[in-house]
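**Q** Take this structure, written in structure tokens, and hold onto it; I'll ask about it next.
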Amino acid sequence: MPIDTPTGQPAAPLPRAIPTLARRKIDDIKPQFEAAETPEAALTLLDKQQALALKAPSKESDAWLRSLVNLYEQMPFRAKGTPAEGPALLALSRAYQLSGNQWEWLEAFQNYADFLGDAARQEQLVEDAPPAEAQAAAQRAKAAAYFDEAKRLYESKDASASVALCDRLLAKYPSSAKAYEGQVIAARCYVDLRQPEAAVECYRRIVKQCPDELFAREAAKATIRLLSDWRKTDEAIAESRQARVRFNDDGFRLYALTREAELLKGKGQKHYPEAVKALREIVQIQPDSLYAKQAENWIRAMNRQVATDVMGDIFK
């Protein structure tokens with residue numbers, strides 16, 4: 001007997017256009033799946049098939065993965081009320097993602113996040129927590145699910161999929177700390193995709209919106225560093241100056257002024273006066289610090305360079 005889908009209808013037959021290897025594999029696994037005694041066993045079987053499909057040649061692999069979705073779709077219904085229900089929802093979302101069905105993937109992942117949220121809420125209610133605390137626990141669990149999956153995708157070198165989850169995380173749970181940690185993951189993904197402008201926007205979003213000032217300051221440092229690394233010198237200097245106004249913190253100001261001086265010095269002697277001004281601010285903030293000693297050394301070095309060039313011009 002065929003296993004019914006969640007709608008109560010028999011699973012759709014496999015399309016005839018499936019390449020031979022994929023069709024043979026699905027024909028082999030379907031009876032094993034239907035005969036599995038527990039949802040956990042069926043899920044393990046499908047996971048192994050998915051791993052094999054990913055190793056197949058591209059055309060066969062794509063067809064194999066799409067066909068496996070037909071079986072994965074039955075898992076949440078089959079596993080409902082068992083310990084396998086959560087893993088089944090997650091597995092279905094990953095099956096959609098690997099088969100290229102982005103809309104279905106995101107919807108299925110939200111179902112998984114909602115499942116975790118409901119479990120967290122019920123756990124709090126059982127412990128007699130106020131409803132507001134239970135709801136907050138549910139939101140934290142949902143946000144954590146998104147973050148964990150986005151991080152996994154980033155570590156698996158699937159940057160585009162990771163960005164999609166990070167953006168959805170911020171849109172759905174903007175008050176969660178995980179939303180802004182997700183923007184850091186998104187920024188790293190954009191760097192891997194060689195889209196530095198998009199990465200900078202992720203960090204700027206944290207600076208502007210994140211309520212945690214320490215985290216926002218670190219994002220501002222990352223913005224300045226990224227712009228510097230990508231040779232956006234003027235933009236990096238402007239970003240640093242704006243951030244110094246926003247964050248009235250000596251540690252951050254020392255970092256920003258040092259980067260500004262370094263960038264201005266690198267632009268040539270015409271910009272030495274601006275660099276010296278930044279370095280003197282460092283000395284004023286912490287006169288006896290290593291930052292101040294480094295700043296004084298840089299000022300002396302630039303003055304020597306200017307004097308040497310002037311003498312060279314005189315004796316040409």
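Identifiers in this document derive from the order of the structure tokens: chains are assigned A, B, ..., residues are numbered from 1 separately in each chain, and ligands are numbered from 1 in order of occurrence.
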Can you pull out the residues contacting A:Glu296? Cut-off 8 Å, using only C-alpha atoms, and skip same-chain residues under 2 positions away; I want them as a list in words.

**A**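 In the requested form, the answer reads Leu279, Arg280, Val283, Ala292, Lys293, Gln294, Trp298, Ile299 and Arg300 of chain A.
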
**Q** Which residues are near stretch 221-236 of chain A? Cut-off 8 Å, only C-alpha atoms, ignore same chain within fewer than 3 positions. Put them as a PyMOL selection string.

**A** chain A and resi 196+200+203-204+217-218+239-240+256+260+263

**Q** Can you write just those residues out, N, CA and C atoms, as a CSV table (one decimal), in the first residue's frame?

**A**
```csv
chain,number,residue,atom,x,y,z
A,196,PRO,N,31.9,43.0,-2.1
A,196,PRO,CA,32.2,43.8,-0.9
A,196,PRO,C,31.2,44.8,-0.5
A,200,VAL,N,29.6,45.3,3.1
A,200,VAL,CA,29.6,46.5,3.9
A,200,VAL,C,28.2,46.9,4.4
A,203,TYR,N,27.3,45.1,7.5
A,203,TYR,CA,27.9,45.6,8.7
A,203,TYR,C,27.2,47.0,9.1
A,204,ARG,N,27.0,47.8,8.1
A,204,ARG,CA,26.3,49.1,8.4
A,204,ARG,C,24.9,48.9,9.0
A,217,ARG,N,29.8,48.4,17.7
A,217,ARG,CA,31.2,48.9,17.5
A,217,ARG,C,32.1,47.9,16.7
A,218,GLU,N,31.9,46.6,17.1
A,218,GLU,CA,32.7,45.6,16.3
A,218,GLU,C,32.4,45.6,14.9
A,239,GLU,N,33.9,56.6,6.8
A,239,GLU,CA,33.2,55.7,7.7
A,239,GLU,C,33.8,55.8,9.1
A,240,SER,N,35.1,55.8,9.2
A,240,SER,CA,35.8,55.9,10.5
A,240,SER,C,35.4,57.2,11.3
A,256,ALA,N,40.0,53.7,15.5
A,256,ALA,CA,39.6,54.4,14.3
A,256,ALA,C,40.6,55.4,13.9
A,260,GLU,N,42.6,55.7,10.4
A,260,GLU,CA,42.6,56.9,9.6
A,260,GLU,C,44.0,57.4,9.3
A,263,LEU,N,45.7,55.2,6.7
A,263,LEU,CA,45.1,55.4,5.4
A,263,LEU,C,45.5,56.7,4.8
```

**Q** Give me the residues of stretch 28-107 of chain A that have any atom at most 12 Å from an atom of stretch 140-155 of chain A; for each, the nearest atom pair and the distance in Å, rounded to one decimal. Use only C-alpha atoms, sort by chain and number, and format it as CSV.

**A**
```
residue,atom,partner,partner_atom,distance
A:Gly86,CA,A:Ala145,CA,11.3
A:Leu90,CA,A:Glu149,CA,9.5
A:Ala91,CA,A:Glu149,CA,11.6
A:Ser93,CA,A:Glu149,CA,10.6
A:Arg94,CA,A:Glu149,CA,9.7
A:Gln97,CA,A:Leu153,CA,10.6
A:Leu98,CA,A:Leu153,CA,11.2
A:Leu106,CA,A:Tyr146,CA,10.2
```

**Q** Listing only residues of stretch 198-240 of chain A within 9 Å of stretch 184-187 of chain A, what is the closest atom pair and its distance in Å (to one decimal) for each, using only C-alpha atoms, sorted by chain and residue number ascending, as a tab-separated table?

**A**
```
residue	atom	partner	partner_atom	distance
A:Ala198	CA	A:Ala187	CA	7.1
A:Ala199	CA	A:Ala187	CA	4.0
A:Val200	CA	A:Ala187	CA	7.0
A:Glu201	CA	A:Ala187	CA	8.0
A:Cys202	CA	A:Ala187	CA	5.6
A:Tyr203	CA	A:Val184	CA	6.8
A:Ile206	CA	A:Val184	CA	8.4
A:Ala219	CA	A:Val184	CA	8.0
```

**Q** Restrict the selected residues to N, CA and C atoms and save them as a PDB file, in the first residue's frame.

**A**
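Contents of result_14.pdb, as written:
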```pdb
ATOM      1  N   ALA A 198      27.984  44.704  -0.813  1.00  0.00           N
ATOM      2  CA  ALA A 198      26.891  44.063  -0.071  1.00  0.00           C
ATOM      3  C   ALA A 198      27.340  43.697   1.342  1.00  0.00           C
ATOM      4  N   ALA A 199      28.593  43.248   1.479  1.00  0.00           N
ATOM      5  CA  ALA A 199      29.119  42.914   2.805  1.00  0.00           C
ATOM      6  C   ALA A 199      29.153  44.148   3.696  1.00  0.00           C
ATOM      7  N   VAL A 200      29.589  45.263   3.130  1.00  0.00           N
ATOM      8  CA  VAL A 200      29.640  46.518   3.894  1.00  0.00           C
ATOM      9  C   VAL A 200      28.241  46.913   4.360  1.00  0.00           C
ATOM     10  N   GLU A 201      27.249  46.741   3.505  1.00  0.00           N
ATOM     11  CA  GLU A 201      25.879  47.090   3.881  1.00  0.00           C
ATOM     12  C   GLU A 201      25.385  46.240   5.052  1.00  0.00           C
ATOM     13  N   CYS A 202      25.796  44.981   5.108  1.00  0.00           N
ATOM     14  CA  CYS A 202      25.418  44.127   6.253  1.00  0.00           C
ATOM     15  C   CYS A 202      25.980  44.700   7.554  1.00  0.00           C
ATOM     16  N   TYR A 203      27.264  45.076   7.519  1.00  0.00           N
ATOM     17  CA  TYR A 203      27.874  45.637   8.724  1.00  0.00           C
ATOM     18  C   TYR A 203      27.238  46.979   9.089  1.00  0.00           C
ATOM     19  N   ILE A 206      24.066  46.557  10.963  1.00  0.00           N
ATOM     20  CA  ILE A 206      24.289  46.268  12.383  1.00  0.00           C
ATOM     21  C   ILE A 206      24.579  47.557  13.148  1.00  0.00           C
ATOM     22  N   ALA A 219      31.064  45.824  14.571  1.00  0.00           N
ATOM     23  CA  ALA A 219      30.629  45.884  13.175  1.00  0.00           C
ATOM     24  C   ALA A 219      31.197  47.112  12.478  1.00  0.00           C
TER      25      ALA A 219
END
```

**Q** Record the distance separating atom CA of A:Arg241 and atom CA of A:Met302, expressed in Å with one decimal.

**A** 21.8 Å

**Q** Which parts of stretch 172-289 of chain A does DSSP call alpha helix (DSSP H) when run on the backbone here, written out as a PyMOL selection string?

**A** chain A and resi 172+177-192+196-209+213-229+233-246+250-266+272-285
